[in-house]
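What follows is a set of notes on a single structure, which appears directly below.
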Amino acid sequence: MRPLPSRLVGALVAAAALAVAISLVLATRLPEGSVGAALNRFRADGGPAVPVALLTGAAVAMISQLARLRVRAGGGLARLAWGEAAIVVLCASLPPVLVAPVSLVGFGAAHAALQLFDRGTPRARAARETLYGVAALTVGAALAALVVSLTRGPESGEGLPPRLIGALCAAAVVYHLVTVALVTARVVATGGGTARTVGGSMLGSTLLMLVGNVAAGLVIVWACATSGFLLLLLPPVLWLMHQFYANRIGEDDERRTWSEFAEVARDLNRLDERDAAQAGIAGAVRLFGVPAARVVLAGGRAYGELPPGPHASRPLTVGPVAVGELQLAGPEPQRARDRLMLATFGDALAAALHDAITHDQLRAMSERTTYDAVRDPLTGLFNRAALLARGDLRLSACPAGDPVALLLLDVNDFKEVNNALGHNAGDEVLRIIARRVLEAGPDGDLHARLGGDEFAILITNLAAGGADLALAAAVERARKLGAQIAAPMRVDGVALSKEPSIGVVVAAAGSADLTELLRRADIAMYQAKHGGQPVAWYDASRDDANTDRLALLAELREALTAAPGEEQLTLELQPAIALTGPAGASAASGPITGVEALIRWQHPRRGKLSPAQFLPAVEASELMAPLTHWVLERAIAFASTWRRAGLAVPVAVNISARSLAERQLPETIGDLLARHRLPAELLVLEITETVMLSSSPVIDDVLVRVRRLGVQLAVDDFGTGFSAFTVLTRVPVQEVKIDREFVAQMLDAPKPGAIVQATVDLGRRLGLRVVAEGVENPEQRARLTELGCTAAQGFLFYPPLSPDGLLAVLRERRQVQRRHLRAESAVRSADLC
């Protein structure tokens, strides 16, 4: 806690001194017949009653402050006493103008005596706290006396008349409120919290004590007026009341303290080491009322600073692992409760720091493995998968209609280098070519090595001005690139030159995805290579596949509007199985956690087509929205049918970037869910991580509104994008699907295995379902189960099924589950017998 500000202390001391001075001046000018008549008569008679009354009042004030209770007020401490009882006695037995001076003497004597026994607080700080406390009580007493002088009325001499009792109660309440307000100001000024929090806590803790103190004061006044012998009965009663206060305040303090501890402990759950340490420092300062705290980790890193002087320390360990040390400014806690809380808080902070450090290490490893997964290890350029993912993202970010270009180059006769100089020399040639590809254009281009001696460059900043000018600019870039690559190079002491063949394609953004651009560029590169030209560009009139694509779209339009009984489009449904079965159980022994809907096209002429054979053409056309609506409606209808049959299973639908760019998609989904009466949580939208990382405000808005419906989101093909783990913190997803390529290679290659393990670990820490795709053999299932993967799908469990086939599987599994339950119930009954 910060020291008490000198200005605040000075202002309050001045206010108390002024109140006492005014009271003394008025006491010397009491008119005959006023409330001071009795003292005037005592002064005239010269009897001992005046000094006795004054000394008795001062003694009452002093005794009321010696029995004090400590209570937490926000982040600080306050001490409660019997001040209200003393004020009632003083205001009833003394003229109001003498209450403040007598209170000053009594309160000051009590605080001076208490300071003699306080060895733990520095002398200067203790003196400042004492001045502030005595001044606060004196100001409260002065205002209480003022209330009595205004409300008590004339003396009746008949014990305690109702009006006097009301005046004394009002005076005690004013004294209480003033002292609580001044104590709150002290706690807030020393950094113990806000006025609202501290004041509310004080009032809630002291309300019962206020009532008891006022009652005790009135009883003392009544006993003095009735019979002095009654006072002999009061000490045991007051002692019992004090014990009751102590227990009640202790319970409130304990409950409030552990409630704060729970809040602080929850705030420790951070995934970043620095954030967890800073939260631990803030929590320690809040819980233990210390001015500063410091966290020193086992690796030597430290967070926070401590002022000079003694400090308490607590080792931070998780089992046998030493995490670090928590240091608090100030002496070691003395109370057993504080020591227990420090130990408990230390354990919670150690666990949070251990988790954060582990997460940081896991994230670093994951980022490294993810980098390796999307980069070509030889040249450092992006690989084919990363080019496709990031390229589509770049294309979607371009304004529709702007020209974009793709350059695809192949090194002519590259095998001669490997045959003549060896593979090491061939690798060096590829590294040199990669550097020249990077240096040939601006930083905004996307460069990739597709494999072997093939390289690609995506250009999205072509100057506008028409298709012809854009094509001319792209061809010029390709020629300069070819000349730069063909420049002589020296490898293993041999000077050589390798010329490339470059295919160029230019298209309007939004008219084709990167897969289509690569196909067109490959056609152009083939023309360049076989035509003996360094550069050739794509000509649609010479592309037979382009004409076929137009025919395919026309046929799909007919398929979408086919009459009942003549449908060509169907959905196949592949279940995902929970990996919870015992080691010896069958592959598909776990429950079904969800079903993925896969579209198929039974073409009357081409046969059965998979999505890869027609979706690329659809995504570049206006048919994407009707096809998405068709798939969503069929999938939701199936899930609704299963639910009505008592087989509630979530259904997952793949959603493309093009569909997410449609602003009306959330409304479409909401209408379909309402029409088929399907709860939103039974629909899962599978979206690739590259789409979720899109900077498109339209996609962001659509994702937010879809989640607002209650629909779940899943990251499909997780790990293939450049920022795989970033998407989990950017978008509120419920499921992660590990790409089948990683699953296929995880038993044979260390990097895919590391990516699978990192994904499962991170999913478990973030509370996400992790589903592995493409599980084909028991060894893969066993490894995924060992890692803790939530579920898996693949031909080991079930191939994609027809709707009727899936419904039969669901019913069969429900019957098996019921038989299992009956068998378990029978076993339990037998055990009881």
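The chains in the structure tokens are called A, B, ... from first to last as shown; in each chain the residues are counted from 1, and the ligands are counted from 1 in the order shown.
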>> With only C-alpha atoms as the counted atoms, please give the residues lying no more than 12 Å from A:Val321, apart from itself and same-chain residues fewer than 2 positions off, as a list of chain:residue names.
In response: A:Leu297, A:Ala298, A:Pro315, A:Leu316, A:Thr317, A:Val318, A:Gly319, A:Val323, A:Gly324, A:Asp347, A:Ala350, A:Ala351, A:Leu353, A:His354
Same residues, all heavy atoms, saved as an mmCIF file, in the first residue's frame:
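selection02.cif, written as the output of this step:
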data_model
loop_
_atom_site.group_PDB
_atom_site.id
_atom_site.type_symbol
_atom_site.label_atom_id
_atom_site.label_comp_id
_atom_site.auth_asym_id
_atom_site.auth_seq_id
_atom_site.Cartn_x
_atom_site.Cartn_y
_atom_site.Cartn_z
ATOM 1 N N LEU A 297 11.164 -16.266 -12.433
ATOM 2 C CA LEU A 297 11.016 -17.602 -12.994
ATOM 3 C C LEU A 297 12.317 -18.380 -12.884
ATOM 4 O O LEU A 297 13.409 -17.801 -12.723
ATOM 5 C CB LEU A 297 10.581 -17.512 -14.452
ATOM 6 C CG LEU A 297 9.223 -16.836 -14.696
ATOM 7 C CD1 LEU A 297 8.904 -16.813 -16.171
ATOM 8 C CD2 LEU A 297 8.117 -17.538 -13.922
ATOM 9 N N ALA A 298 12.203 -19.693 -12.983
ATOM 10 C CA ALA A 298 13.382 -20.548 -12.834
ATOM 11 C C ALA A 298 14.417 -20.262 -13.911
ATOM 12 O O ALA A 298 15.617 -20.439 -13.688
ATOM 13 C CB ALA A 298 12.958 -22.016 -12.878
ATOM 14 N N PRO A 315 8.178 -20.166 -2.760
ATOM 15 C CA PRO A 315 8.601 -20.915 -3.952
ATOM 16 C C PRO A 315 7.393 -21.373 -4.755
ATOM 17 O O PRO A 315 6.356 -21.741 -4.190
ATOM 18 C CB PRO A 315 9.383 -22.098 -3.359
ATOM 19 C CG PRO A 315 8.885 -22.234 -1.959
ATOM 20 C CD PRO A 315 8.522 -20.852 -1.506
ATOM 21 N N LEU A 316 7.533 -21.346 -6.079
ATOM 22 C CA LEU A 316 6.468 -21.760 -6.984
ATOM 23 C C LEU A 316 6.872 -23.082 -7.616
ATOM 24 O O LEU A 316 7.836 -23.140 -8.396
ATOM 25 C CB LEU A 316 6.231 -20.695 -8.057
ATOM 26 C CG LEU A 316 5.913 -19.281 -7.551
ATOM 27 C CD1 LEU A 316 5.807 -18.308 -8.710
ATOM 28 C CD2 LEU A 316 4.632 -19.279 -6.734
ATOM 29 N N THR A 317 6.159 -24.140 -7.286
ATOM 30 C CA THR A 317 6.482 -25.466 -7.808
ATOM 31 C C THR A 317 5.211 -26.162 -8.260
ATOM 32 O O THR A 317 4.125 -25.917 -7.737
ATOM 33 C CB THR A 317 7.175 -26.335 -6.737
ATOM 34 O OG1 THR A 317 6.302 -26.472 -5.605
ATOM 35 C CG2 THR A 317 8.487 -25.702 -6.285
ATOM 36 N N VAL A 318 5.355 -27.024 -9.260
ATOM 37 C CA VAL A 318 4.294 -27.916 -9.710
ATOM 38 C C VAL A 318 4.835 -29.329 -9.616
ATOM 39 O O VAL A 318 5.612 -29.773 -10.472
ATOM 40 C CB VAL A 318 3.841 -27.591 -11.151
ATOM 41 C CG1 VAL A 318 2.797 -28.580 -11.616
ATOM 42 C CG2 VAL A 318 3.314 -26.173 -11.232
ATOM 43 N N GLY A 319 4.452 -30.031 -8.550
ATOM 44 C CA GLY A 319 5.056 -31.334 -8.298
ATOM 45 C C GLY A 319 6.546 -31.170 -8.067
ATOM 46 O O GLY A 319 6.988 -30.322 -7.279
ATOM 47 N N VAL A 323 9.117 -23.860 -10.750
ATOM 48 C CA VAL A 323 8.696 -22.856 -11.734
ATOM 49 C C VAL A 323 9.354 -21.508 -11.468
ATOM 50 O O VAL A 323 9.725 -20.792 -12.384
ATOM 51 C CB VAL A 323 7.157 -22.714 -11.730
ATOM 52 C CG1 VAL A 323 6.714 -21.658 -12.729
ATOM 53 C CG2 VAL A 323 6.506 -24.040 -12.052
ATOM 54 N N GLY A 324 9.522 -21.150 -10.186
ATOM 55 C CA GLY A 324 10.110 -19.856 -9.856
ATOM 56 C C GLY A 324 9.826 -19.497 -8.417
ATOM 57 O O GLY A 324 9.736 -20.367 -7.536
ATOM 58 N N ASP A 347 0.486 -21.925 -5.145
ATOM 59 C CA ASP A 347 0.240 -23.136 -5.948
ATOM 60 C C ASP A 347 -0.555 -22.804 -7.215
ATOM 61 O O ASP A 347 -0.258 -23.315 -8.303
ATOM 62 C CB ASP A 347 -0.523 -24.163 -5.115
ATOM 63 C CG ASP A 347 0.319 -24.732 -3.974
ATOM 64 O OD1 ASP A 347 1.555 -24.597 -4.049
ATOM 65 O OD2 ASP A 347 -0.264 -25.276 -3.017
ATOM 66 N N ALA A 350 1.745 -20.959 -9.602
ATOM 67 C CA ALA A 350 2.723 -21.880 -10.182
ATOM 68 C C ALA A 350 2.094 -22.692 -11.306
ATOM 69 O O ALA A 350 2.698 -22.864 -12.381
ATOM 70 C CB ALA A 350 3.279 -22.802 -9.092
ATOM 71 N N ALA A 351 0.865 -23.190 -11.081
ATOM 72 C CA ALA A 351 0.188 -23.968 -12.127
ATOM 73 C C ALA A 351 -0.092 -23.119 -13.352
ATOM 74 O O ALA A 351 0.098 -23.565 -14.496
ATOM 75 C CB ALA A 351 -1.112 -24.546 -11.576
ATOM 76 N N LEU A 353 1.538 -20.365 -14.350
ATOM 77 C CA LEU A 353 2.797 -20.061 -15.041
ATOM 78 C C LEU A 353 3.324 -21.289 -15.772
ATOM 79 O O LEU A 353 3.835 -21.183 -16.899
ATOM 80 C CB LEU A 353 3.833 -19.561 -14.035
ATOM 81 C CG LEU A 353 3.616 -18.156 -13.486
ATOM 82 C CD1 LEU A 353 4.568 -17.882 -12.323
ATOM 83 C CD2 LEU A 353 3.830 -17.112 -14.581
ATOM 84 N N HIS A 354 3.205 -22.453 -15.146
ATOM 85 C CA HIS A 354 3.668 -23.682 -15.803
ATOM 86 C C HIS A 354 2.887 -23.929 -17.091
ATOM 87 O O HIS A 354 3.478 -24.267 -18.132
ATOM 88 C CB HIS A 354 3.497 -24.855 -14.835
ATOM 89 C CG HIS A 354 4.006 -26.160 -15.369
ATOM 90 N ND1 HIS A 354 3.198 -27.060 -16.015
ATOM 91 C CD2 HIS A 354 5.247 -26.700 -15.383
ATOM 92 C CE1 HIS A 354 3.906 -28.098 -16.396
ATOM 93 N NE2 HIS A 354 5.151 -27.921 -16.019
#
Closest-contact table, stretch 504-544 of chain A side, partner stretch 387-404 of chain A, 8 Å, counting only C-alpha atoms, as a Markdown table:
| residue | atom | partner | partner_atom | distance |
| --- | --- | --- | --- | --- |
| A:Val506 | CA | A:Val404 | CA | 5.7 |
| A:Ala507 | CA | A:Pro403 | CA | 5.6 |
| A:Ala508 | CA | A:Pro403 | CA | 4.5 |
| A:Ala509 | CA | A:Gly401 | CA | 5.0 |
| A:Gly510 | CA | A:Ala400 | CA | 5.5 |
| A:Ser511 | CA | A:Gly401 | CA | 7.8 |
| A:Asp513 | CA | A:Asp392 | CA | 6.1 |
| A:Leu514 | CA | A:Asp392 | CA | 5.7 |
| A:Thr515 | CA | A:Leu388 | CA | 6.8 |
For the residues in the current selection, export C-alpha atoms as a CSV table (one decimal), in the first residue's frame.
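Written file, part19.csv:
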chain,number,residue,atom,x,y,z
A,506,VAL,CA,-3.9,-12.9,-66.9
A,507,ALA,CA,-7.5,-12.9,-65.6
A,508,ALA,CA,-9.9,-10.6,-63.8
A,509,ALA,CA,-10.0,-11.1,-60.0
A,510,GLY,CA,-13.0,-13.2,-59.0
A,511,SER,CA,-13.3,-15.0,-62.4
A,513,ASP,CA,-9.4,-19.4,-58.4
A,514,LEU,CA,-5.7,-20.2,-58.1
A,515,THR,CA,-6.2,-23.9,-59.2
>> Using only C-alpha atoms for the distances, tell me which of A:Ala472, A:Ala279, A:Ala322, A:Glu741 is nearest to A:Gly304.
In response: A:Ala279
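Between A:Val89 and the candidates A:Leu164, A:Leu407, A:Leu240, A:Leu430, the tightest atom-to-atom separation, counting only C-alpha atoms, involves A:Leu164.
Taking atom CA of A:Leu768 as the reference point, atom CA of A:Gln734 is found at 5.3 Å.
Put simply, atom CA of A:Ala86 is 6.1 Å away from atom CA of A:Val60.
Using only C-alpha atoms, the smallest distance between any of A:Val736, A:Ile577, A:Ala562, A:Leu328 and A:Val296 comes from A:Leu328.
Using only C-alpha atoms, the contacts of A:Thr628 at a cut-off of 12 Å, with sequence neighbours closer than 6 positions omitted, comprise Leu560, Ala597, Leu598, Ile599, Leu615, Val618, Glu619, Glu622, Arg634, Ala635, Val653, Asn654, Ile655, Ser656, Ala657, Arg658, Ser659, Leu660, Glu662, Leu665, Thr668, Ile669 and Leu685 of chain A.
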>> List as a ChimeraX atom specification the protein and nucleic acid residues near A:Leu458, meaning an atom at most 8 Å away when only C-alpha atoms are counted, but skip any in the same chain fewer than 2 places from it.
In response: /A:391,404-407,445-447,456,460
With N, CA and C atoms retained, write the just-selected residues as a PDB file, in the first residue's frame.
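Output file result12.pdb is given in full below:
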ATOM      1  N   GLY A 391      -2.797 -18.074 -52.053  1.00  0.00           N
ATOM      2  CA  GLY A 391      -3.146 -17.446 -53.318  1.00  0.00           C
ATOM      3  C   GLY A 391      -4.625 -17.147 -53.431  1.00  0.00           C
ATOM      4  N   VAL A 404      -5.160  -9.784 -62.514  1.00  0.00           N
ATOM      5  CA  VAL A 404      -4.129 -10.500 -61.774  1.00  0.00           C
ATOM      6  C   VAL A 404      -3.417 -11.410 -62.758  1.00  0.00           C
ATOM      7  N   ALA A 405      -2.183 -11.788 -62.413  1.00  0.00           N
ATOM      8  CA  ALA A 405      -1.395 -12.617 -63.319  1.00  0.00           C
ATOM      9  C   ALA A 405      -0.691 -13.711 -62.549  1.00  0.00           C
ATOM     10  N   LEU A 406      -0.498 -14.854 -63.199  1.00  0.00           N
ATOM     11  CA  LEU A 406       0.273 -15.956 -62.639  1.00  0.00           C
ATOM     12  C   LEU A 406       1.346 -16.342 -63.636  1.00  0.00           C
ATOM     13  N   LEU A 407       2.597 -16.384 -63.180  1.00  0.00           N
ATOM     14  CA  LEU A 407       3.735 -16.789 -64.006  1.00  0.00           C
ATOM     15  C   LEU A 407       4.196 -18.160 -63.522  1.00  0.00           C
ATOM     16  N   ASP A 445       4.540  -9.638 -54.461  1.00  0.00           N
ATOM     17  CA  ASP A 445       4.269 -10.860 -55.205  1.00  0.00           C
ATOM     18  C   ASP A 445       4.331 -12.075 -54.282  1.00  0.00           C
ATOM     19  N   LEU A 446       3.640 -13.138 -54.682  1.00  0.00           N
ATOM     20  CA  LEU A 446       3.635 -14.391 -53.928  1.00  0.00           C
ATOM     21  C   LEU A 446       4.452 -15.409 -54.720  1.00  0.00           C
ATOM     22  N   HIS A 447       5.550 -15.898 -54.110  1.00  0.00           N
ATOM     23  CA  HIS A 447       6.479 -16.794 -54.796  1.00  0.00           C
ATOM     24  C   HIS A 447       6.395 -18.190 -54.201  1.00  0.00           C
ATOM     25  N   ALA A 456       6.445 -20.665 -59.328  1.00  0.00           N
ATOM     26  CA  ALA A 456       5.262 -19.871 -59.680  1.00  0.00           C
ATOM     27  C   ALA A 456       5.326 -18.526 -58.969  1.00  0.00           C
ATOM     28  N   THR A 460      -0.555  -9.584 -58.065  1.00  0.00           N
ATOM     29  CA  THR A 460      -1.883  -8.989 -57.864  1.00  0.00           C
ATOM     30  C   THR A 460      -1.860  -7.470 -57.944  1.00  0.00           C
TER      31      THR A 460
END
Residues within 6 Å of A:Val134, only C-alpha atoms, excluding chain neighbours under 3 positions, as an mmCIF file with C-alpha atoms, in the first residue's frame:
data_model
loop_
_atom_site.group_PDB
_atom_site.id
_atom_site.type_symbol
_atom_site.label_atom_id
_atom_site.label_comp_id
_atom_site.auth_asym_id
_atom_site.auth_seq_id
_atom_site.Cartn_x
_atom_site.Cartn_y
_atom_site.Cartn_z
ATOM 1 C CA PHE A 107 -9.017 9.076 21.503
ATOM 2 C CA GLY A 108 -5.516 10.522 21.458
ATOM 3 C CA LEU A 131 -2.717 11.592 13.570
ATOM 4 C CA LEU A 137 -12.643 10.385 15.253
#
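Of the listed residues (A:Pro333, A:Gly670, A:Gly531, A:Gly794), A:Gly670 comes nearest to A:Leu632; the distances count only C-alpha atoms.
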>> Measuring between only C-alpha atoms, which one of A:Lys415, A:Arg294, A:Arg783, A:His423 shows the shortest distance to A:Leu306?
In response: A:Arg294
